[in-house]
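Chemist: File input_3.txt below, compact mmCIF, C-alpha atoms:
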# COMPACT_ATOMS: atom_id res chain seq x y z
CA MET A 137 4.88 -0.81 -21.13
CA ARG A 138 8.28 0.29 -19.91
CA TYR A 139 11.52 -1.43 -20.81
CA SER A 140 15.27 -1.17 -21.05
CA GLU A 141 18.03 -3.29 -22.54
CA GLY A 142 20.76 -5.27 -20.82
CA LYS A 143 23.29 -7.95 -21.67
CA LYS A 144 23.77 -11.51 -20.48
CA GLY A 145 26.48 -11.80 -17.89
CA ARG A 146 27.63 -14.73 -15.75
CA THR A 147 25.62 -17.86 -15.04
CA PHE A 148 25.57 -19.35 -11.53
CA VAL A 149 24.61 -22.97 -10.90
CA VAL A 150 23.36 -23.23 -7.31
CA ARG A 151 22.36 -26.13 -5.09
CA LEU A 152 20.39 -25.08 -2.04
CA GLU A 153 20.38 -27.53 0.87
CA ASP A 154 17.88 -28.83 3.38
CA GLY A 155 16.50 -26.02 5.54
CA ASP A 156 17.87 -23.14 3.44
CA VAL A 157 15.43 -20.24 3.07
CA LEU A 158 15.17 -19.63 -0.68
CA HIS A 159 15.01 -15.83 -0.90
CA GLU A 160 17.63 -15.32 1.82
CA GLU A 161 20.20 -17.57 0.15
CA ILE A 162 19.66 -16.18 -3.36
CA GLU A 163 19.83 -12.57 -2.14
CA ARG A 164 23.03 -13.43 -0.21
CA LEU A 165 24.53 -15.03 -3.35
CA ALA A 166 23.67 -11.88 -5.32
CA ALA A 167 25.19 -9.57 -2.71
CA GLU A 168 28.38 -11.63 -2.32
CA ASN A 169 28.92 -11.82 -6.09
CA ASP A 170 27.89 -8.25 -6.99
CA ILE A 171 24.90 -9.44 -9.02
CA ALA A 172 22.75 -6.33 -9.44
CA ALA A 173 20.25 -7.87 -11.86
CA ALA A 174 19.38 -11.42 -12.91
CA TYR A 175 16.67 -13.83 -13.94
CA LEU A 176 16.47 -17.33 -12.53
CA VAL A 177 14.72 -20.67 -12.51
CA ALA A 178 14.47 -23.17 -9.68
CA VAL A 179 13.39 -26.78 -9.26
CA GLY A 180 13.36 -28.98 -6.20
CA GLY A 181 11.52 -29.64 -2.97
CA VAL A 182 10.02 -27.30 -0.40
CA ASP A 183 9.41 -28.20 3.23
CA LYS A 184 6.22 -28.08 5.24
CA GLY A 185 5.86 -24.80 7.05
CA SER A 186 7.03 -22.84 4.00
CA ARG A 187 5.06 -19.64 3.45
CA LEU A 188 3.80 -18.24 0.16
CA VAL A 189 2.09 -14.93 -0.59
CA VAL A 190 -0.94 -16.12 -2.55
CA GLY A 191 -2.66 -12.95 -3.60
CA PRO A 192 -4.41 -9.90 -2.22
CA GLU A 193 -7.53 -10.35 -0.11
CA ASP A 194 -9.37 -7.98 -2.46
CA GLY A 195 -7.58 -7.35 -5.75
CA ARG A 196 -9.18 -3.94 -6.32
CA ALA A 197 -9.21 -2.59 -2.77
CA GLU A 198 -7.58 0.78 -2.22
CA LYS A 199 -5.26 -0.69 0.43
CA ILE A 200 -3.77 -4.01 -0.66
CA LYS A 201 -3.82 -6.67 2.02
CA PRO A 202 -1.71 -9.73 1.07
CA MET A 203 -2.83 -13.26 1.88
CA GLN A 204 -0.42 -15.93 3.04
CA LEU A 205 -0.50 -19.73 2.75
CA VAL A 206 1.54 -22.03 4.97
CA LEU A 207 2.29 -25.40 3.33
CA ASP A 208 1.17 -28.29 5.53
CA ASN A 209 3.41 -30.86 3.85
CA VAL A 210 6.49 -31.34 1.68
CA CYS A 211 5.92 -30.40 -2.00
CA GLU A 212 7.66 -30.60 -5.34
CA ALA A 213 8.33 -27.09 -6.67
CA THR A 214 9.36 -25.12 -9.71
CA GLY A 215 9.57 -21.38 -10.17
CA THR A 216 11.04 -18.41 -11.90
CA GLY A 217 11.99 -14.94 -10.80
CA THR A 218 14.11 -11.83 -11.08
CA ILE A 219 16.66 -9.99 -8.98
CA PHE A 220 16.96 -6.20 -9.07
CA PRO A 221 18.18 -3.70 -6.50
CA GLY A 222 15.63 -2.31 -4.06
CA THR A 223 15.43 1.27 -2.87
CA ASP A 224 18.36 0.61 -0.51
CA GLY A 225 20.51 -0.72 -3.39
CA LYS A 226 20.53 -4.31 -2.08
CA PRO A 227 19.46 -7.17 -4.39
CA VAL A 228 15.81 -8.17 -4.01
CA LEU A 229 14.44 -11.48 -5.28
CA HIS A 230 10.93 -11.49 -6.74
CA MET A 231 10.08 -15.12 -7.42
CA HIS A 232 6.90 -17.11 -7.83
CA LEU A 233 6.89 -20.82 -7.11
CA ALA A 234 4.36 -23.53 -7.96
CA CYS A 235 4.33 -26.16 -5.20
CA GLY A 236 2.47 -29.41 -5.71
CA ARG A 237 1.66 -32.69 -4.01
CA GLN A 238 -0.73 -35.47 -5.08
CA GLY A 239 -2.55 -33.42 -7.72
CA GLN A 240 -2.92 -30.25 -5.65
CA THR A 241 -0.87 -27.17 -6.52
CA PHE A 242 -0.32 -23.88 -4.73
CA THR A 243 1.38 -20.95 -6.43
CA GLY A 244 2.70 -17.82 -4.80
CA CYS A 245 5.55 -15.44 -4.08
CA VAL A 246 8.44 -16.74 -1.94
CA ARG A 247 9.21 -13.51 -0.08
CA THR A 248 7.75 -14.62 3.28
CA GLY A 249 9.90 -17.74 3.64
CA VAL A 250 10.14 -20.90 1.56
CA LYS A 251 12.35 -23.58 3.13
CA VAL A 252 14.16 -26.12 0.98
CA TRP A 253 13.36 -29.79 1.53
CA HIS A 254 16.61 -31.69 0.89
CA ILE A 255 17.60 -29.97 -2.37
CA MET A 256 16.70 -27.18 -4.75
CA GLU A 257 18.58 -26.44 -7.95
CA VAL A 258 18.69 -22.81 -9.06
CA ILE A 259 20.20 -21.34 -12.23
CA VAL A 260 20.92 -17.61 -11.89
CA ASN A 261 21.57 -15.72 -15.13
CA GLU A 262 23.10 -12.31 -14.55
CA ILE A 263 21.94 -9.25 -16.53
CA THR A 264 24.67 -6.64 -17.02
CA ASP A 265 24.53 -3.05 -18.28
CA SER A 266 21.10 -2.60 -16.68
CA GLN A 267 19.99 0.40 -14.66
CA ALA A 268 16.69 -1.23 -13.66
CA LYS A 269 15.74 -1.14 -10.00
CA ARG A 270 12.77 -1.57 -7.71
CA LEU A 271 11.21 1.70 -6.52
CA LYS A 272 8.49 2.17 -3.91
CA ASP A 273 5.09 2.82 -5.48
CA ASN A 274 3.02 5.10 -3.23
CA ILE A 275 -0.31 3.74 -4.50
CA THR A 276 0.28 -0.01 -4.05
CA GLY A 277 3.06 0.11 -1.44
CA PHE A 278 5.03 -2.37 -3.57
CA GLU A 279 8.62 -1.92 -4.70
CA LEU A 280 7.90 -2.05 -8.45
CA LEU A 281 10.42 -2.71 -11.19
CA ASN A 282 11.50 0.50 -12.90
CA PRO A 283 13.35 -0.53 -16.09
Since I need it in another form, could you write the structure as structure tokens?
Modeler:
Amino acid sequence: MRYSEGKKGRTFVVRLEDGDVLHEEIERLAAENDIAAAYLVAVGGVDKGSRLVVGPEDGRAEKIKPMQLVLDNVCEATGTGTIFPGTDGKPVLHMHLACGRQGQTFTGCVRTGVKVWHIMEVIVNEITDSQAKRLKDNITGFELLNP
């Protein structure tokens, strides 16, 4: 385990609108408001055609090959995530969303494009006094959180 300590900063109450792309809007909010680090929750609707990363093809393969799921209908959704700077210093959202409809649920990472259906409410809680950032891991190829 690796960890560091930070403090609670500002809280942003956000309403995303129909057609907004979740990760793009949240990363733009973070950049425009100098939010280097945060944790967040979201609730609302996602549109058909939204894309989720739903796991690696083979979880123990030497080269990780992500799988993607495209939603074929509108879904209710809730999720949680974090924002930390990437290797270029820009804020990067890492968020997982559970999307459900009529008893079927899909869960995955939003980084490939989740579109809002009508409305999504997001609460962004800033973390201050944190030096944590995402650094490229040569083994996985991921930008991993380095607290």
Chemist: Report, in Å to a single decimal, how far apart CA of Val189 in chain A and CA of Gln204 in chain A are.
Modeler: 4.5 Å
Chemist: With distances taken over all atoms listed in the file, which of A:Met203, A:Val228, A:Ala197, A:Val210 is nearest to Ala173 in chain A?
Modeler: A:Val228
Chemist: So, with all atoms listed in the file as the atoms that count, which of A:Gly145, A:Pro221, A:Gly277, A:Gly191 lies closest to Ala172 in chain A?
Modeler: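 Using all atoms listed in the file, the shortest distance to Ala172 in chain A belongs to A:Pro221.
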Chemist: I'd like the interatomic distance between CA of Gln240 in chain A and CA of Val177 in chain A, to a tenth of an Å.
Modeler: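 Between CA of Gln240 in chain A and CA of Val177 in chain A the gap is 21.2 Å.
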Chemist: To one decimal place, how far is CA of Val179 in chain A from CA of Arg270 in chain A in Å?
Modeler: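 Atom-to-atom, CA of Val179 in chain A and CA of Arg270 in chain A are spaced 25.3 Å apart.
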Chemist: From the set A:Leu205, A:Glu193, A:Arg146, A:Lys199, which residue has the shortest atom-to-atom contact distance to Ala166 in chain A, counting all atoms listed in the file?
Modeler: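 Checking each candidate against Ala166 in chain A, we get A:Arg146 as the closest.
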Chemist: Rank A:Val206, A:Thr223, A:Arg196, A:Cys235 by their smallest atom-to-atom distance to Asn282 in chain A, using all atoms listed in the file, and report the top residue only.
Modeler: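 Nearest candidate to Asn282 in chain A out of A:Val206, A:Thr223, A:Arg196, A:Cys235: A:Thr223.
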Chemist: Which is closer to Glu279 in chain A than all the others in A:Leu229, A:Ala167, A:Val157, A:Val250, using all atoms listed in the file?
Modeler: A:Leu229
Chemist: In terms of the shortest atom-to-atom distance over all atoms listed in the file, which of A:Pro202, A:Gly225, A:Gly180, A:Gly195 is closest to Arg247 in chain A?
Modeler: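 Selected residue with least distance to Arg247 in chain A: A:Pro202.
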Chemist: Can you list, as a list in words, every protein, DNA or RNA residue that comes within 8 Å of Asp154 in chain A when you count all atoms listed in the file, leaving out same-chain residues fewer than 2 positions away?
Modeler: Leu152, Asp156, Lys251, Val252, Trp253, His254 and Ile255 of chain A
Chemist: Excluding Gly142 in chain A and any residue of its chain fewer than 5 positions from it, enumerate the residues within 7 Å of it, using all atoms listed in the file, and give them as a list of chain:residue names.
Modeler: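 These residues fall inside the cut-off: A:Ile263, A:Thr264, A:Asp265, A:Ser266.
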Chemist: Using only C-alpha atoms, list the residues that have an atom at most 6 Å from (10.2, -3.7, -5.4), coordinates as in the file, as a list in words.
Modeler: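 Selection result: Gly222, Arg270, Leu271, Phe278, Glu279, Leu280 and Leu281 of chain A.
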Chemist: Could you give me, as a ChimeraX atom specification, the residues within 7 Å of Ala174 in chain A, counting only C-alpha atoms and dropping anything in the same chain fewer than 4 positions from it?
Modeler: /A:218-220,260-263
Chemist: Keeping just C-alpha atoms, export range 180-252 of chain A of this structure as a PDB file, in the first residue's frame.
Modeler:
ATOM      1  CA  GLY A 180     -28.118  10.381 -13.779  1.00  0.00           C
ATOM      2  CA  GLY A 181     -28.781   8.970 -17.215  1.00  0.00           C
ATOM      3  CA  VAL A 182     -26.437   7.799 -19.951  1.00  0.00           C
ATOM      4  CA  ASP A 183     -27.325   7.668 -23.626  1.00  0.00           C
ATOM      5  CA  LYS A 184     -27.215   4.758 -26.028  1.00  0.00           C
ATOM      6  CA  GLY A 185     -23.926   4.626 -27.870  1.00  0.00           C
ATOM      7  CA  SER A 186     -21.974   5.391 -24.692  1.00  0.00           C
ATOM      8  CA  ARG A 187     -18.781   3.362 -24.391  1.00  0.00           C
ATOM      9  CA  LEU A 188     -17.385   1.682 -21.281  1.00  0.00           C
ATOM     10  CA  VAL A 189     -14.087  -0.116 -20.748  1.00  0.00           C
ATOM     11  CA  VAL A 190     -15.285  -3.371 -19.193  1.00  0.00           C
ATOM     12  CA  GLY A 191     -12.118  -5.216 -18.367  1.00  0.00           C
ATOM     13  CA  PRO A 192      -9.075  -6.785 -19.959  1.00  0.00           C
ATOM     14  CA  GLU A 193      -9.518  -9.602 -22.449  1.00  0.00           C
ATOM     15  CA  ASP A 194      -7.161 -11.736 -20.341  1.00  0.00           C
ATOM     16  CA  GLY A 195      -6.530 -10.381 -16.852  1.00  0.00           C
ATOM     17  CA  ARG A 196      -3.128 -12.047 -16.484  1.00  0.00           C
ATOM     18  CA  ALA A 197      -1.776 -11.628 -20.009  1.00  0.00           C
ATOM     19  CA  GLU A 198       1.606  -9.948 -20.343  1.00  0.00           C
ATOM     20  CA  LYS A 199       0.145  -7.312 -22.675  1.00  0.00           C
ATOM     21  CA  ILE A 200      -3.171  -5.964 -21.407  1.00  0.00           C
ATOM     22  CA  LYS A 201      -5.833  -5.666 -24.078  1.00  0.00           C
ATOM     23  CA  PRO A 202      -8.886  -3.683 -22.872  1.00  0.00           C
ATOM     24  CA  MET A 203     -12.422  -4.678 -23.825  1.00  0.00           C
ATOM     25  CA  GLN A 204     -15.085  -2.135 -24.672  1.00  0.00           C
ATOM     26  CA  LEU A 205     -18.878  -2.246 -24.407  1.00  0.00           C
ATOM     27  CA  VAL A 206     -21.174   0.067 -26.352  1.00  0.00           C
ATOM     28  CA  LEU A 207     -24.541   0.605 -24.633  1.00  0.00           C
ATOM     29  CA  ASP A 208     -27.428  -0.213 -26.961  1.00  0.00           C
ATOM     30  CA  ASN A 209     -30.004   1.800 -25.016  1.00  0.00           C
ATOM     31  CA  VAL A 210     -30.477   4.578 -22.467  1.00  0.00           C
ATOM     32  CA  CYS A 211     -29.544   3.544 -18.890  1.00  0.00           C
ATOM     33  CA  GLU A 212     -29.747   4.838 -15.354  1.00  0.00           C
ATOM     34  CA  ALA A 213     -26.246   5.323 -13.948  1.00  0.00           C
ATOM     35  CA  THR A 214     -24.280   5.955 -10.796  1.00  0.00           C
ATOM     36  CA  GLY A 215     -20.538   6.094 -10.310  1.00  0.00           C
ATOM     37  CA  THR A 216     -17.567   7.325  -8.402  1.00  0.00           C
ATOM     38  CA  GLY A 217     -14.092   8.398  -9.362  1.00  0.00           C
ATOM     39  CA  THR A 218     -10.979  10.465  -8.811  1.00  0.00           C
ATOM     40  CA  ILE A 219      -9.132  13.259 -10.565  1.00  0.00           C
ATOM     41  CA  PHE A 220      -5.340  13.530 -10.422  1.00  0.00           C
ATOM     42  CA  PRO A 221      -2.835  15.065 -12.816  1.00  0.00           C
ATOM     43  CA  GLY A 222      -1.440  12.846 -15.558  1.00  0.00           C
ATOM     44  CA  THR A 223       2.143  12.787 -16.761  1.00  0.00           C
ATOM     45  CA  ASP A 224       1.489  15.999 -18.726  1.00  0.00           C
ATOM     46  CA  GLY A 225       0.163  17.763 -15.600  1.00  0.00           C
ATOM     47  CA  LYS A 226      -3.425  17.959 -16.901  1.00  0.00           C
ATOM     48  CA  PRO A 227      -6.296  16.613 -14.755  1.00  0.00           C
ATOM     49  CA  VAL A 228      -7.299  13.040 -15.600  1.00  0.00           C
ATOM     50  CA  LEU A 229     -10.622  11.533 -14.520  1.00  0.00           C
ATOM     51  CA  HIS A 230     -10.640   7.861 -13.521  1.00  0.00           C
ATOM     52  CA  MET A 231     -14.272   6.937 -12.954  1.00  0.00           C
ATOM     53  CA  HIS A 232     -16.273   3.735 -12.959  1.00  0.00           C
ATOM     54  CA  LEU A 233     -19.975   3.829 -13.681  1.00  0.00           C
ATOM     55  CA  ALA A 234     -22.690   1.214 -13.169  1.00  0.00           C
ATOM     56  CA  CYS A 235     -25.318   1.542 -15.911  1.00  0.00           C
ATOM     57  CA  GLY A 236     -28.574  -0.354 -15.649  1.00  0.00           C
ATOM     58  CA  ARG A 237     -31.849  -0.934 -17.445  1.00  0.00           C
ATOM     59  CA  GLN A 238     -34.635  -3.437 -16.694  1.00  0.00           C
ATOM     60  CA  GLY A 239     -32.598  -5.578 -14.303  1.00  0.00           C
ATOM     61  CA  GLN A 240     -29.425  -5.695 -16.400  1.00  0.00           C
ATOM     62  CA  THR A 241     -26.343  -3.774 -15.270  1.00  0.00           C
ATOM     63  CA  PHE A 242     -23.046  -3.010 -16.969  1.00  0.00           C
ATOM     64  CA  THR A 243     -20.112  -1.550 -15.056  1.00  0.00           C
ATOM     65  CA  GLY A 244     -16.977  -0.037 -16.499  1.00  0.00           C
ATOM     66  CA  CYS A 245     -14.591   2.877 -16.848  1.00  0.00           C
ATOM     67  CA  VAL A 246     -15.886   6.012 -18.601  1.00  0.00           C
ATOM     68  CA  ARG A 247     -12.644   7.008 -20.347  1.00  0.00           C
ATOM     69  CA  THR A 248     -13.753   5.993 -23.863  1.00  0.00           C
ATOM     70  CA  GLY A 249     -16.869   8.175 -23.960  1.00  0.00           C
ATOM     71  CA  VAL A 250     -20.033   8.162 -21.864  1.00  0.00           C
ATOM     72  CA  LYS A 251     -22.703  10.552 -23.151  1.00  0.00           C
ATOM     73  CA  VAL A 252     -25.239  12.085 -20.785  1.00  0.00           C
TER      74      VAL A 252
END
